[in-house]
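Okay, final-v3.txt now, which holds compact mmCIF, C-alpha atoms:
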```
# COMPACT_ATOMS: atom_id res chain seq x y z
CA MET N 1 8.91 -9.62 1.56
CA VAL N 2 10.38 -6.12 1.52
CA HIS N 3 12.88 -4.21 -0.60
CA PRO N 4 14.61 -0.79 -0.71
CA PRO N 5 12.32 1.87 -2.22
CA GLU N 6 15.24 3.68 -3.86
CA GLU N 7 18.95 3.17 -4.46
CA LYS N 8 19.85 5.47 -1.56
CA ASP N 9 18.08 3.09 0.83
CA LEU N 10 20.67 0.42 0.05
CA PHE N 11 23.22 2.50 1.92
CA ARG N 12 21.28 2.07 5.17
CA ILE N 13 22.62 -1.49 5.18
CA PRO N 14 26.05 -1.35 6.91
CA GLN N 15 27.60 -3.95 4.61
CA LEU N 16 26.65 -1.92 1.51
CA ARG N 17 27.69 1.58 2.58
CA PHE N 18 30.93 1.34 0.62
CA LEU N 19 28.85 1.38 -2.59
CA LYS N 20 27.75 4.95 -1.84
CA HIS N 21 30.86 6.32 -3.57
CA LEU N 22 30.05 4.68 -6.90
CA PRO N 23 28.26 6.57 -9.71
CA LYS N 24 24.48 6.74 -9.42
CA GLY N 25 22.72 3.65 -10.78
CA ILE N 26 25.66 1.29 -10.46
CA PRO N 27 25.04 0.19 -6.83
CA GLU N 28 21.48 -1.00 -7.49
CA ARG N 29 22.57 -2.86 -10.62
CA LEU N 30 25.41 -4.55 -8.74
CA VAL N 31 23.29 -5.94 -5.90
CA GLY N 32 19.75 -5.91 -7.35
CA GLY N 33 19.72 -9.62 -8.09
CA LEU N 34 20.71 -10.66 -4.57
CA GLY N 35 18.49 -12.13 -1.89
CA PRO N 36 16.36 -13.08 -0.19
CA PHE N 37 17.94 -12.20 3.13
CA PRO N 38 16.29 -12.75 6.55
CA LEU N 39 16.11 -9.26 8.05
CA PHE N 40 14.29 -9.70 11.33
CA LYS N 41 11.76 -11.72 13.24
CA ILE N 42 8.35 -10.56 14.47
CA LYS N 43 7.06 -12.08 17.71
CA GLY N 44 4.35 -11.34 20.24
CA ILE N 45 1.32 -11.08 17.95
CA GLU N 46 -1.82 -12.33 19.71
CA THR N 47 -5.48 -12.02 18.78
CA THR N 48 -8.27 -11.10 21.17
CA ASP N 49 -9.11 -14.80 21.62
CA GLY N 50 -5.53 -15.89 22.28
CA LYS N 51 -4.26 -17.08 18.88
CA LYS N 52 -0.55 -16.35 18.47
CA ALA N 53 1.77 -15.90 15.51
CA GLU N 54 5.37 -15.09 14.71
CA GLY N 55 7.26 -14.82 11.47
CA TRP N 56 10.18 -13.46 9.48
CA VAL N 57 10.58 -10.42 7.28
CA LEU N 58 12.78 -11.21 4.30
CA GLY N 59 14.38 -8.68 1.98
CA LEU N 60 15.46 -8.39 -1.62
CA LEU N 61 18.00 -5.77 -2.70
CA SER N 62 16.17 -4.86 -5.90
CA THR N 63 14.52 -1.42 -6.13
CA PRO N 64 11.18 -0.86 -7.92
CA LYS N 65 13.07 0.89 -10.72
CA LEU N 66 15.23 -2.18 -11.25
CA MET N 67 12.30 -4.60 -11.03
CA LEU N 68 10.58 -2.70 -13.84
CA GLN N 69 13.72 -2.80 -15.99
CA LYS N 70 14.31 -6.53 -15.79
CA LYS N 71 12.06 -9.41 -16.81
CA PRO N 72 9.51 -10.46 -14.16
CA GLU N 73 10.88 -14.01 -14.25
CA LYS N 74 14.01 -12.87 -12.41
CA THR N 75 11.94 -11.47 -9.54
CA TYR N 76 9.68 -14.54 -9.56
CA LYS N 77 12.68 -16.79 -8.96
CA LEU N 78 13.84 -14.74 -5.98
CA LEU N 79 10.35 -14.76 -4.46
CA VAL N 80 9.93 -18.52 -4.92
CA LYS N 81 13.33 -18.97 -3.29
CA ALA N 82 12.03 -16.90 -0.37
CA SER N 83 8.90 -19.05 -0.07
CA LYS N 84 11.04 -22.19 0.15
CA TRP N 85 13.12 -20.55 2.88
CA GLY N 86 9.87 -19.77 4.71
CA GLN N 87 8.63 -23.34 4.40
CA LYS N 88 11.88 -24.58 5.90
CA TYR N 89 11.30 -22.41 8.97
CA GLY N 90 7.63 -23.34 9.40
CA ALA N 91 5.85 -20.51 7.57
CA LYS N 92 2.39 -21.20 6.15
CA ILE N 93 2.07 -18.10 3.99
CA MET N 94 4.26 -15.45 2.35
CA GLY N 95 3.17 -11.84 1.88
CA LEU N 96 4.44 -9.86 -1.09
CA GLY N 97 5.25 -6.43 0.30
CA ALA N 98 5.37 -3.14 -1.64
CA PHE N 99 6.54 -3.53 -5.26
CA THR N 100 6.94 -7.32 -5.12
CA SER N 101 3.13 -7.48 -5.30
CA VAL N 102 3.12 -5.41 -8.50
CA VAL N 103 5.69 -7.21 -10.63
CA GLY N 104 4.39 -9.36 -13.48
CA ASP N 105 1.02 -10.95 -12.75
CA ALA N 106 0.75 -9.73 -9.14
CA GLY N 107 1.57 -12.94 -7.33
CA ILE N 108 -0.20 -15.54 -9.47
CA THR N 109 2.92 -17.19 -10.93
CA VAL N 110 4.77 -17.03 -7.61
CA SER N 111 1.79 -18.67 -5.89
CA GLU N 112 1.73 -21.49 -8.46
CA ARG N 113 5.40 -22.24 -7.83
CA SER N 114 5.47 -21.65 -4.08
CA PRO N 115 5.26 -24.54 -1.59
CA ILE N 116 3.30 -22.28 0.80
CA SER N 117 0.37 -19.89 0.33
CA VAL N 118 1.02 -16.42 -1.09
CA THR N 119 -0.85 -13.13 -0.77
CA THR N 120 -0.21 -9.62 -2.00
CA GLY N 121 -1.98 -8.20 1.05
CA ASN N 122 -3.86 -5.79 -1.21
CA SER N 123 -7.34 -6.55 0.15
CA LEU N 124 -6.46 -5.22 3.59
CA THR N 125 -4.63 -2.28 1.97
CA VAL N 126 -7.85 -1.36 0.18
CA ALA N 127 -9.89 -1.79 3.37
CA ALA N 128 -7.54 0.48 5.32
CA THR N 129 -7.81 3.13 2.61
CA ILE N 130 -11.60 3.12 2.83
CA GLN N 131 -11.27 3.58 6.60
CA SER N 132 -9.02 6.61 6.02
CA VAL N 133 -11.50 8.17 3.58
CA GLU N 134 -14.46 7.64 5.90
CA ARG N 135 -12.65 9.07 8.93
CA ILE N 136 -11.52 12.17 7.04
CA LEU N 137 -15.10 12.86 5.98
CA GLU N 138 -16.40 12.18 9.50
CA LEU N 139 -13.97 14.75 10.93
CA ALA N 140 -14.99 17.22 8.23
CA LYS N 141 -18.67 16.43 8.93
CA LYS N 142 -19.30 15.69 5.28
CA GLU N 143 -21.38 12.99 3.64
CA ILE N 144 -19.53 10.70 1.25
CA SER N 145 -22.41 10.94 -1.24
CA ASN N 146 -21.82 14.71 -1.55
CA GLU N 147 -18.07 14.55 -2.15
CA LYS N 148 -16.05 14.32 -5.34
CA ILE N 149 -13.16 11.92 -4.73
CA ALA N 150 -10.35 11.67 -7.29
CA ILE N 151 -8.49 8.39 -7.70
CA VAL N 152 -5.12 8.60 -9.45
CA GLY N 153 -4.21 5.20 -10.84
CA ALA N 154 -7.86 4.20 -10.98
CA SER N 155 -7.31 1.47 -13.58
CA GLY N 156 -4.74 -0.37 -11.43
CA SER N 157 -5.73 -3.27 -9.19
CA ILE N 158 -5.90 -1.29 -5.94
CA GLY N 159 -7.34 1.81 -7.59
CA LYS N 160 -10.16 -0.20 -9.18
CA ALA N 161 -11.07 -1.90 -5.90
CA VAL N 162 -11.12 1.41 -4.04
CA ALA N 163 -13.28 2.94 -6.79
CA ARG N 164 -15.74 0.06 -6.68
CA LEU N 165 -16.11 0.24 -2.90
CA LEU N 166 -16.51 4.03 -2.93
CA ALA N 167 -19.10 3.74 -5.70
CA LYS N 168 -20.95 1.23 -3.54
CA LYS N 169 -21.02 3.94 -0.85
CA ASN N 170 -22.46 6.43 -3.37
CA ALA N 171 -19.36 8.62 -3.66
CA LYS N 172 -18.90 10.82 -6.74
CA LEU N 173 -15.73 9.70 -8.48
CA ILE N 174 -13.12 11.34 -10.68
CA LEU N 175 -11.03 8.60 -12.29
CA ILE N 176 -7.52 9.37 -13.56
CA SER N 177 -5.14 6.93 -15.20
CA LYS N 178 -2.68 6.60 -18.07
CA THR N 179 -4.48 3.53 -19.42
CA LYS N 180 -7.35 4.92 -21.50
CA LYS N 181 -9.05 1.66 -22.48
CA LYS N 182 -9.14 0.20 -18.96
CA LEU N 183 -10.23 3.54 -17.55
CA LYS N 184 -13.16 3.77 -19.95
CA MET N 185 -14.23 0.22 -19.07
CA LEU N 186 -14.19 1.05 -15.36
CA ALA N 187 -16.12 4.27 -15.88
CA GLU N 188 -18.79 2.38 -17.85
CA GLU N 189 -18.97 -0.27 -15.12
CA LEU N 190 -19.47 2.29 -12.34
CA GLY N 191 -21.93 4.34 -14.36
CA GLY N 192 -23.53 7.26 -12.56
CA SER N 193 -20.97 7.23 -9.75
CA VAL N 194 -18.35 8.63 -12.16
CA VAL N 195 -18.40 12.42 -12.53
CA SER N 196 -15.47 12.48 -14.97
CA PHE N 197 -12.53 10.39 -16.09
CA GLY N 198 -9.40 10.79 -18.20
CA THR N 199 -5.63 10.90 -18.37
CA ASP N 200 -5.22 14.64 -17.69
CA SER N 201 -4.05 15.63 -14.20
CA ASP N 202 -6.06 18.84 -14.59
CA LEU N 203 -8.99 16.75 -13.38
CA LEU N 204 -7.49 17.03 -9.89
CA LYS N 205 -8.74 20.61 -9.80
CA ASP N 206 -12.30 19.29 -9.44
CA SER N 207 -11.65 17.56 -6.11
CA LYS N 208 -10.21 18.19 -2.66
CA LEU N 209 -9.92 14.54 -1.65
CA ILE N 210 -7.42 12.58 -3.73
CA ILE N 211 -6.33 8.95 -3.50
CA GLY N 212 -2.95 8.05 -4.98
CA ALA N 213 -2.86 4.42 -6.12
CA THR N 214 -0.24 4.18 -8.88
CA SER N 215 3.25 2.68 -8.99
CA SER N 216 4.96 5.81 -10.30
CA ALA N 217 7.23 6.48 -7.30
CA GLY N 218 6.63 10.14 -6.49
CA LYS N 219 5.64 11.39 -9.96
CA ALA N 220 1.94 10.69 -10.32
CA ILE N 221 0.39 13.67 -8.51
CA PRO N 222 1.59 17.13 -9.66
CA VAL N 223 1.36 19.44 -6.65
CA ASP N 224 0.64 22.47 -8.81
CA LYS N 225 -2.67 20.87 -9.83
CA LEU N 226 -3.94 20.52 -6.27
CA ASN N 227 -6.58 22.82 -4.83
CA SER N 228 -5.68 24.67 -1.66
CA GLY N 229 -6.95 22.63 1.27
CA SER N 230 -6.70 19.31 -0.56
CA VAL N 231 -6.12 16.04 1.29
CA VAL N 232 -4.12 13.35 -0.51
CA ILE N 233 -4.37 9.78 0.77
CA ASP N 234 -1.33 8.05 -0.68
CA ILE N 235 -1.63 4.26 -0.88
CA ALA N 236 1.41 3.66 -3.03
CA LEU N 237 4.75 2.24 -1.91
CA PRO N 238 6.94 3.98 -3.02
CA PRO N 239 4.62 6.99 -2.51
CA ASP N 240 2.87 8.74 -5.39
CA LEU N 241 3.76 12.12 -3.90
CA SER N 242 7.27 12.64 -2.55
CA LYS N 243 8.01 14.49 0.67
CA GLU N 244 10.00 17.09 -1.28
CA GLU N 245 7.08 17.82 -3.61
CA ALA N 246 4.54 17.86 -0.78
CA ALA N 247 6.67 20.43 1.08
CA LYS N 248 5.91 22.89 -1.73
CA ARG N 249 2.24 22.90 -0.74
CA ILE N 250 1.85 23.56 2.97
CA ASP N 251 -1.80 24.31 2.22
CA CYS N 252 -2.36 20.62 1.37
CA LEU N 253 -2.20 17.55 3.59
CA VAL N 254 -0.61 14.28 2.45
CA LEU N 255 -1.51 11.20 4.46
CA GLU N 256 -0.17 7.67 4.29
CA SER N 257 -2.61 4.82 3.97
CA GLY N 258 -2.57 1.09 4.42
CA GLU N 259 -1.21 0.79 7.97
CA ILE N 260 -2.71 -1.50 10.58
CA LEU N 261 -2.45 -1.73 14.37
CA LEU N 262 -1.54 -5.31 15.22
CA PRO N 263 -3.06 -7.12 18.23
CA GLY N 264 -0.98 -8.25 21.18
CA ASN N 265 2.48 -6.90 21.93
CA PRO N 266 4.56 -7.32 18.77
CA GLU N 267 8.33 -7.30 19.03
CA PHE N 268 10.44 -6.31 16.03
CA SER N 269 14.10 -7.29 16.28
CA TYR N 270 15.10 -4.47 13.93
CA ASP N 271 14.95 -0.71 13.51
CA TRP N 272 11.35 -0.90 12.27
CA PRO N 273 10.27 2.26 10.33
CA LEU N 274 6.77 2.30 11.85
CA PRO N 275 5.63 2.88 15.45
CA LYS N 276 5.33 -0.04 17.86
CA ASN N 277 2.47 -2.43 17.04
CA ILE N 278 1.94 -1.00 13.54
CA ALA N 279 2.55 -2.82 10.26
CA TYR N 280 1.81 -2.14 6.62
CA ALA N 281 -1.52 -3.65 5.58
CA CYS N 282 0.14 -6.09 3.19
CA GLU N 283 2.07 -7.52 6.15
CA ALA N 284 -0.96 -7.40 8.42
CA GLU N 285 -3.05 -9.36 5.90
CA THR N 286 -0.38 -12.06 5.78
CA ILE N 287 -0.34 -12.27 9.58
CA LEU N 288 -4.15 -12.29 9.81
CA ILE N 289 -4.54 -15.11 7.29
CA SER N 290 -1.91 -17.17 9.07
CA LEU N 291 -3.51 -16.63 12.49
CA THR N 292 -6.99 -17.59 11.33
CA ASP N 293 -6.09 -20.23 8.71
CA SER N 294 -8.19 -18.21 6.24
CA PHE N 295 -6.03 -19.01 3.22
CA GLU N 296 -9.03 -18.73 0.91
CA LEU N 297 -8.94 -14.95 1.54
CA SER N 298 -5.43 -14.56 0.10
CA THR N 299 -5.22 -11.80 -2.52
CA LEU N 300 -3.65 -12.60 -5.88
CA GLY N 301 -3.74 -11.02 -9.33
CA ARG N 302 -4.93 -7.66 -10.55
CA GLU N 303 -8.66 -8.14 -10.00
CA ILE N 304 -9.36 -7.63 -6.31
CA ASP N 305 -12.73 -8.99 -5.22
CA ILE N 306 -14.39 -6.28 -3.14
CA THR N 307 -16.48 -8.93 -1.37
CA LYS N 308 -13.21 -10.42 -0.18
CA VAL N 309 -12.04 -6.94 0.93
CA GLU N 310 -15.16 -6.60 3.08
CA GLN N 311 -14.74 -10.12 4.47
CA ILE N 312 -11.10 -9.63 5.40
CA TRP N 313 -11.86 -6.33 7.15
CA LYS N 314 -14.55 -7.99 9.27
CA LEU N 315 -12.10 -10.79 10.07
CA ALA N 316 -9.45 -8.23 11.02
CA GLU N 317 -11.76 -6.38 13.40
CA LYS N 318 -12.93 -9.65 14.95
CA ASN N 319 -9.34 -10.61 15.74
CA GLY N 320 -8.19 -7.28 17.17
CA PHE N 321 -6.58 -5.72 14.09
CA LYS N 322 -7.41 -2.02 13.78
CA TRP N 323 -6.96 0.88 11.38
CA ALA N 324 -3.78 2.60 12.57
CA GLY N 325 -4.91 6.22 12.27
CA PHE N 326 -3.25 9.11 10.47
CA ARG N 327 0.41 9.48 9.50
CA SER N 328 2.21 11.82 7.12
CA PHE N 329 5.67 10.95 5.83
CA SER N 330 6.40 8.71 8.82
CA GLN N 331 5.12 11.24 11.36
CA ASP N 332 2.09 10.48 13.55
CA LEU N 333 -0.82 12.90 13.24
CA SER N 334 -3.51 13.05 15.88
CA GLU N 335 -7.11 13.48 14.82
CA GLU N 336 -6.91 16.93 16.40
CA ASN N 337 -4.01 17.80 14.04
CA VAL N 338 -6.03 16.64 11.05
CA LEU N 339 -9.16 18.43 12.21
CA ASN N 340 -7.21 21.68 12.64
CA PHE N 341 -5.92 21.40 9.09
CA LEU N 342 -9.40 20.72 7.71
CA SER N 343 -10.93 23.70 9.49
CA LYS N 344 -8.10 26.16 8.70
CA ASN N 345 -7.78 25.24 5.04
CA ASP N 346 -11.42 25.09 3.99
CA PHE N 347 -11.49 21.39 3.11
```

Can you dump the structure from the file as structure tokens?
Amino acid sequence: MVHPPEEKDLFRIPQLRFLKHLPKGIPERLVGGLGPFPLFKIKGIETTDGKKAEGWVLGLLSTPKLMLQKKPEKTYKLLVKASKWGQKYGAKIMGLGAFTSVVGDAGITVSERSPISVTTGNSLTVAATIQSVERILELAKKEISNEKIAIVGASGSIGKAVARLLAKKNAKLILISKTKKKLKMLAEELGGSVVSFGTDSDLLKDSKLIIGATSSAGKAIPVDKLNSGSVVIDIALPPDLSKEEAAKRIDCLVLESGEILLPGNPEFSYDWPLPKNIAYACEAETILISLTDSFELSTLGREIDITKVEQIWKLAEKNGFKWAGFRSFSQDLSEENVLNFLSKNDF
């Protein structure tokens, strides 16, 4: 399942371009309750041992802003409708992409009502983020146990799972979130791994490696608080740091996270926003579970089991799924590009 990140993305759909002339906010309210619509088919996915899969990407017309404004039940109904469409066409599982995995209880109610399995895909998203962190530090020739890593949105489901896995790897953590009570509980759980925690973005000044894991759509990471030479790994969809804001700090590097290289020779019958063979991790997890019949590894709810994250990453590697490398605002970055930034900006 996918959806437009912002109202302006609705106008990329030819049939909706006429809405562009209406006052801001009206187009998304007019069409936000519509869907699901079959957008395109994915074919050609094949694991290293010859298992094959194909499926459909379905879309809703609701933006994250609109989903937050209306009751979760309205989004639940659309997603259950999508699952029934999928069952009709032979699907065994439905993946909740981007903000559809955030609404309400993060997939639990939808799963209970769906005739097929449901996953948020968040376990593989977390796994891909850990891969990004480890590769950055490898390029910088730094030990994870010596680095202070800030997590913005640390009390959210993905933020917590990332924090727990990094703590397991002996990283020093700075936890930032708006939710004081949950943040304190997490800090107490992780104990000595936590250097500091709080709601103040000034804490970003104590780190040069930041992970964005909120659902604040471009508003969660103030660029003026970043140290020169900082690297931001942005997990969020929509992103926690907008392209316009990032452009104000050419001395900082903003990387996307949560993208996976699919096995085989995937064909997308659509103007896919990612390079050939690459999918968002939430989609890749859905495909992986379907290929391997590992429905017990589906991710649901706001408590992500880090043991499951580790299991699903091993399963991904076994079946030819790989971390997709570095990208920044839809542009590929070679490891040489990243290494040059790290060396020139005193990361």

Quiz item: Between N:Ile136, N:Val162, N:Ala281, N:Ile312, which one has atoms that come closest to N:Glu335, using only C-alpha atoms?
Solution: N:Ile136

Exercise. Using only C-alpha atoms, find the one residue out of N:Ile45, N:Ala53, N:Ile116, N:Ile260 that sits nearest to N:Gln131.
Key: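 Among the listed residues, the smallest separation from N:Gln131 belongs to N:Ile260.
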
For N:Gly264: contacts at 8 Å, all atoms listed in the file, fewer than 6 positions along chain excluded, given as a short mmCIF file (atom, residue, chain, number, x, y, z; two decimals) with C-alpha atoms, in the frame of the given file:
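Printed below is result_18.cif as written:
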```
data_model
loop_
_atom_site.label_atom_id
_atom_site.label_comp_id
_atom_site.auth_asym_id
_atom_site.auth_seq_id
_atom_site.Cartn_x
_atom_site.Cartn_y
_atom_site.Cartn_z
CA GLY N 44 4.35 -11.34 20.24
CA ILE N 45 1.32 -11.08 17.95
CA GLU N 46 -1.82 -12.33 19.71
CA THR N 47 -5.48 -12.02 18.78
CA THR N 48 -8.27 -11.10 21.17
CA ASN N 277 2.47 -2.43 17.04
#
```

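Distances to N:Ala324 were evaluated for N:Leu226, N:Ala128, N:Ile26, N:Ala246 using all atoms listed in the file, and the minimum falls at N:Ala128.
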
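Picture a line from atom CA of N:Ile149 to atom CA of N:Leu175; it runs 8.5 Å.
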
Practice problem: Rank N:Leu19, N:Gly258, N:Ser343, N:Phe321 by their smallest atom-to-atom distance to N:Lys141, using only C-alpha atoms, and report the top residue only. | Solution: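 Of N:Leu19, N:Gly258, N:Ser343, N:Phe321, the one nearest N:Lys141 is N:Ser343, counting only C-alpha atoms.
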
Quiz prompt | Protein, DNA and RNA residues within 12 Å of (-5.2, 4.7, -19.4), all atoms listed in the file, as number ranges by chain | solution = N: 152-156, 175-187, 197-200, 214

The selected residues should be written to file as a PDB file, keeping the file's coordinate frame (atoms: C-alpha atoms).
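Saved file again.pdb follows:
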```
ATOM      1  CA  VAL N 152      -5.120   8.600  -9.450  1.00  0.00           C
ATOM      2  CA  GLY N 153      -4.210   5.200 -10.840  1.00  0.00           C
ATOM      3  CA  ALA N 154      -7.860   4.200 -10.980  1.00  0.00           C
ATOM      4  CA  SER N 155      -7.310   1.470 -13.580  1.00  0.00           C
ATOM      5  CA  GLY N 156      -4.740  -0.370 -11.430  1.00  0.00           C
ATOM      6  CA  LEU N 175     -11.030   8.600 -12.290  1.00  0.00           C
ATOM      7  CA  ILE N 176      -7.520   9.370 -13.560  1.00  0.00           C
ATOM      8  CA  SER N 177      -5.140   6.930 -15.200  1.00  0.00           C
ATOM      9  CA  LYS N 178      -2.680   6.600 -18.070  1.00  0.00           C
ATOM     10  CA  THR N 179      -4.480   3.530 -19.420  1.00  0.00           C
ATOM     11  CA  LYS N 180      -7.350   4.920 -21.500  1.00  0.00           C
ATOM     12  CA  LYS N 181      -9.050   1.660 -22.480  1.00  0.00           C
ATOM     13  CA  LYS N 182      -9.140   0.200 -18.960  1.00  0.00           C
ATOM     14  CA  LEU N 183     -10.230   3.540 -17.550  1.00  0.00           C
ATOM     15  CA  LYS N 184     -13.160   3.770 -19.950  1.00  0.00           C
ATOM     16  CA  MET N 185     -14.230   0.220 -19.070  1.00  0.00           C
ATOM     17  CA  LEU N 186     -14.190   1.050 -15.360  1.00  0.00           C
ATOM     18  CA  ALA N 187     -16.120   4.270 -15.880  1.00  0.00           C
ATOM     19  CA  PHE N 197     -12.530  10.390 -16.090  1.00  0.00           C
ATOM     20  CA  GLY N 198      -9.400  10.790 -18.200  1.00  0.00           C
ATOM     21  CA  THR N 199      -5.630  10.900 -18.370  1.00  0.00           C
ATOM     22  CA  ASP N 200      -5.220  14.640 -17.690  1.00  0.00           C
ATOM     23  CA  THR N 214      -0.240   4.180  -8.880  1.00  0.00           C
TER      24      THR N 214
END
```

Quiz prompt | Point-to-point distance from atom CA of N:Ile151 to atom CA of N:Leu166, Å rounded to tenths | solution =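 So the answer is 10.3 Å.
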
Exercise. Tell me which protein, DNA and RNA residues are within 12 Å of N:Ser298, counting all atoms listed in the file, leaving out same-chain ones fewer than 2 positions away, and put them as number ranges by chain.
Key: N: 92-96, 107-108, 111, 116-124, 282-290, 292-296, 300-301, 304-305, 308-309, 311-312

Mind checking which residues fall within 6 Å of N:Lys172, counting only C-alpha atoms, ignoring those fewer than 4 positions away in the same chain, and posting them as a PDB file with C-alpha atoms, keeping the file's coordinate frame?
```pdb
ATOM      1  CA  GLU N 147     -18.070  14.550  -2.150  1.00  0.00           C
ATOM      2  CA  LYS N 148     -16.050  14.320  -5.340  1.00  0.00           C
ATOM      3  CA  SER N 193     -20.970   7.230  -9.750  1.00  0.00           C
ATOM      4  CA  VAL N 194     -18.350   8.630 -12.160  1.00  0.00           C
TER       5      VAL N 194
END
```

Find the axis-aligned box for stretch 323-337 of chain N, covering all its listed atoms and adding 8 Å on each side, and write its centre and edge lengths in Å to one decimal as AutoDock Vina command-line options.
```
--center_x -0.4 --center_y 9.3 --center_z 11.1 --size_x 29.5 --size_y 32.9 --size_z 26.6
```

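Nearest residue to N:Lys208, choosing from N:Ser257, N:Asn345, N:Thr125, N:Gln69 and counting all atoms listed in the file: N:Asn345.
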
Quiz item: Given the choices N:Asp234, N:Asp346, N:Glu267, N:Glu303, which gets closest to N:Phe329 if the distance is worked out from all atoms listed in the file?
Solution: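 Looking only at the distances to N:Phe329, the closest residue turns out to be N:Asp234.
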
List as a PDB file with C-alpha atoms, in the coordinates of the input: which residues have an atom within 8 Å of (6.6, -1.7, -1.1), counting only C-alpha atoms?
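That gives us part.pdb:
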```
ATOM      1  CA  VAL N   2      10.380  -6.120   1.520  1.00  0.00           C
ATOM      2  CA  HIS N   3      12.880  -4.210  -0.600  1.00  0.00           C
ATOM      3  CA  PRO N   5      12.320   1.870  -2.220  1.00  0.00           C
ATOM      4  CA  GLY N  97       5.250  -6.430   0.300  1.00  0.00           C
ATOM      5  CA  ALA N  98       5.370  -3.140  -1.640  1.00  0.00           C
ATOM      6  CA  PHE N  99       6.540  -3.530  -5.260  1.00  0.00           C
ATOM      7  CA  THR N 100       6.940  -7.320  -5.120  1.00  0.00           C
ATOM      8  CA  SER N 101       3.130  -7.480  -5.300  1.00  0.00           C
ATOM      9  CA  ALA N 236       1.410   3.660  -3.030  1.00  0.00           C
ATOM     10  CA  LEU N 237       4.750   2.240  -1.910  1.00  0.00           C
ATOM     11  CA  PRO N 238       6.940   3.980  -3.020  1.00  0.00           C
TER      12      PRO N 238
END
```

Practice problem: For N:Pro27, work out the shell of residues within 12 Å, counting only C-alpha atoms and skipping chain neighbours fewer than 5 positions away, then give it as an NGL selection string. | Solution: :N and (6-11 or 16-22 or 32-34 or 61-63 or 66)

Since the input is missing atoms for stretch 36-51 of chain N, could you rebuild it with N, CA and C atoms and give the result as a JSON list (two decimals), in the frame of the given file?
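Below you can see selection-v3.json, which holds the result:
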```json
[["chain", "number", "residue", "atom", "x", "y", "z"],
["N", 36, "PRO", "N", 16.87, -13.84, -1.34],
["N", 36, "PRO", "CA", 16.36, -13.08, -0.19],
["N", 36, "PRO", "C", 17.25, -13.22, 1.04],
["N", 37, "PHE", "N", 17.19, -12.19, 1.89],
["N", 37, "PHE", "CA", 17.94, -12.20, 3.13],
["N", 37, "PHE", "C", 16.97, -12.09, 4.31],
["N", 38, "PRO", "N", 17.11, -12.92, 5.35],
["N", 38, "PRO", "CA", 16.29, -12.75, 6.55],
["N", 38, "PRO", "C", 16.71, -11.48, 7.27],
["N", 39, "LEU", "N", 15.80, -10.54, 7.42],
["N", 39, "LEU", "CA", 16.11, -9.26, 8.05],
["N", 39, "LEU", "C", 15.82, -9.26, 9.54],
["N", 40, "PHE", "N", 14.62, -9.68, 9.91],
["N", 40, "PHE", "CA", 14.29, -9.70, 11.33],
["N", 40, "PHE", "C", 13.06, -10.55, 11.58],
["N", 41, "LYS", "N", 12.88, -10.89, 12.83],
["N", 41, "LYS", "CA", 11.76, -11.72, 13.24],
["N", 41, "LYS", "C", 10.72, -10.87, 13.96],
["N", 42, "ILE", "N", 9.45, -11.20, 13.75],
["N", 42, "ILE", "CA", 8.35, -10.56, 14.47],
["N", 42, "ILE", "C", 7.75, -11.58, 15.43],
["N", 43, "LYS", "N", 7.66, -11.20, 16.70],
["N", 43, "LYS", "CA", 7.06, -12.08, 17.71],
["N", 43, "LYS", "C", 6.02, -11.29, 18.50],
["N", 44, "GLY", "N", 5.26, -12.00, 19.31],
["N", 44, "GLY", "CA", 4.35, -11.34, 20.24],
["N", 44, "GLY", "C", 3.00, -10.95, 19.69],
["N", 45, "ILE", "N", 2.64, -11.40, 18.50],
["N", 45, "ILE", "CA", 1.32, -11.08, 17.95],
["N", 45, "ILE", "C", 0.29, -12.03, 18.53],
["N", 46, "GLU", "N", -0.80, -11.50, 19.07],
["N", 46, "GLU", "CA", -1.82, -12.33, 19.71],
["N", 46, "GLU", "C", -3.19, -11.72, 19.52],
["N", 47, "THR", "N", -4.13, -12.50, 19.02],
["N", 47, "THR", "CA", -5.48, -12.02, 18.78],
["N", 47, "THR", "C", -6.25, -11.90, 20.09],
["N", 48, "THR", "N", -7.43, -11.31, 19.99],
["N", 48, "THR", "CA", -8.27, -11.10, 21.17],
["N", 48, "THR", "C", -8.70, -12.42, 21.82],
["N", 49, "ASP", "N", -8.73, -13.51, 21.03],
["N", 49, "ASP", "CA", -9.11, -14.80, 21.62],
["N", 49, "ASP", "C", -7.90, -15.72, 21.85],
["N", 50, "GLY", "N", -6.70, -15.14, 21.85],
["N", 50, "GLY", "CA", -5.53, -15.89, 22.28],
["N", 50, "GLY", "C", -4.73, -16.61, 21.21],
["N", 51, "LYS", "N", -5.07, -16.46, 19.94],
["N", 51, "LYS", "CA", -4.26, -17.08, 18.88],
["N", 51, "LYS", "C", -2.96, -16.29, 18.70]]
```
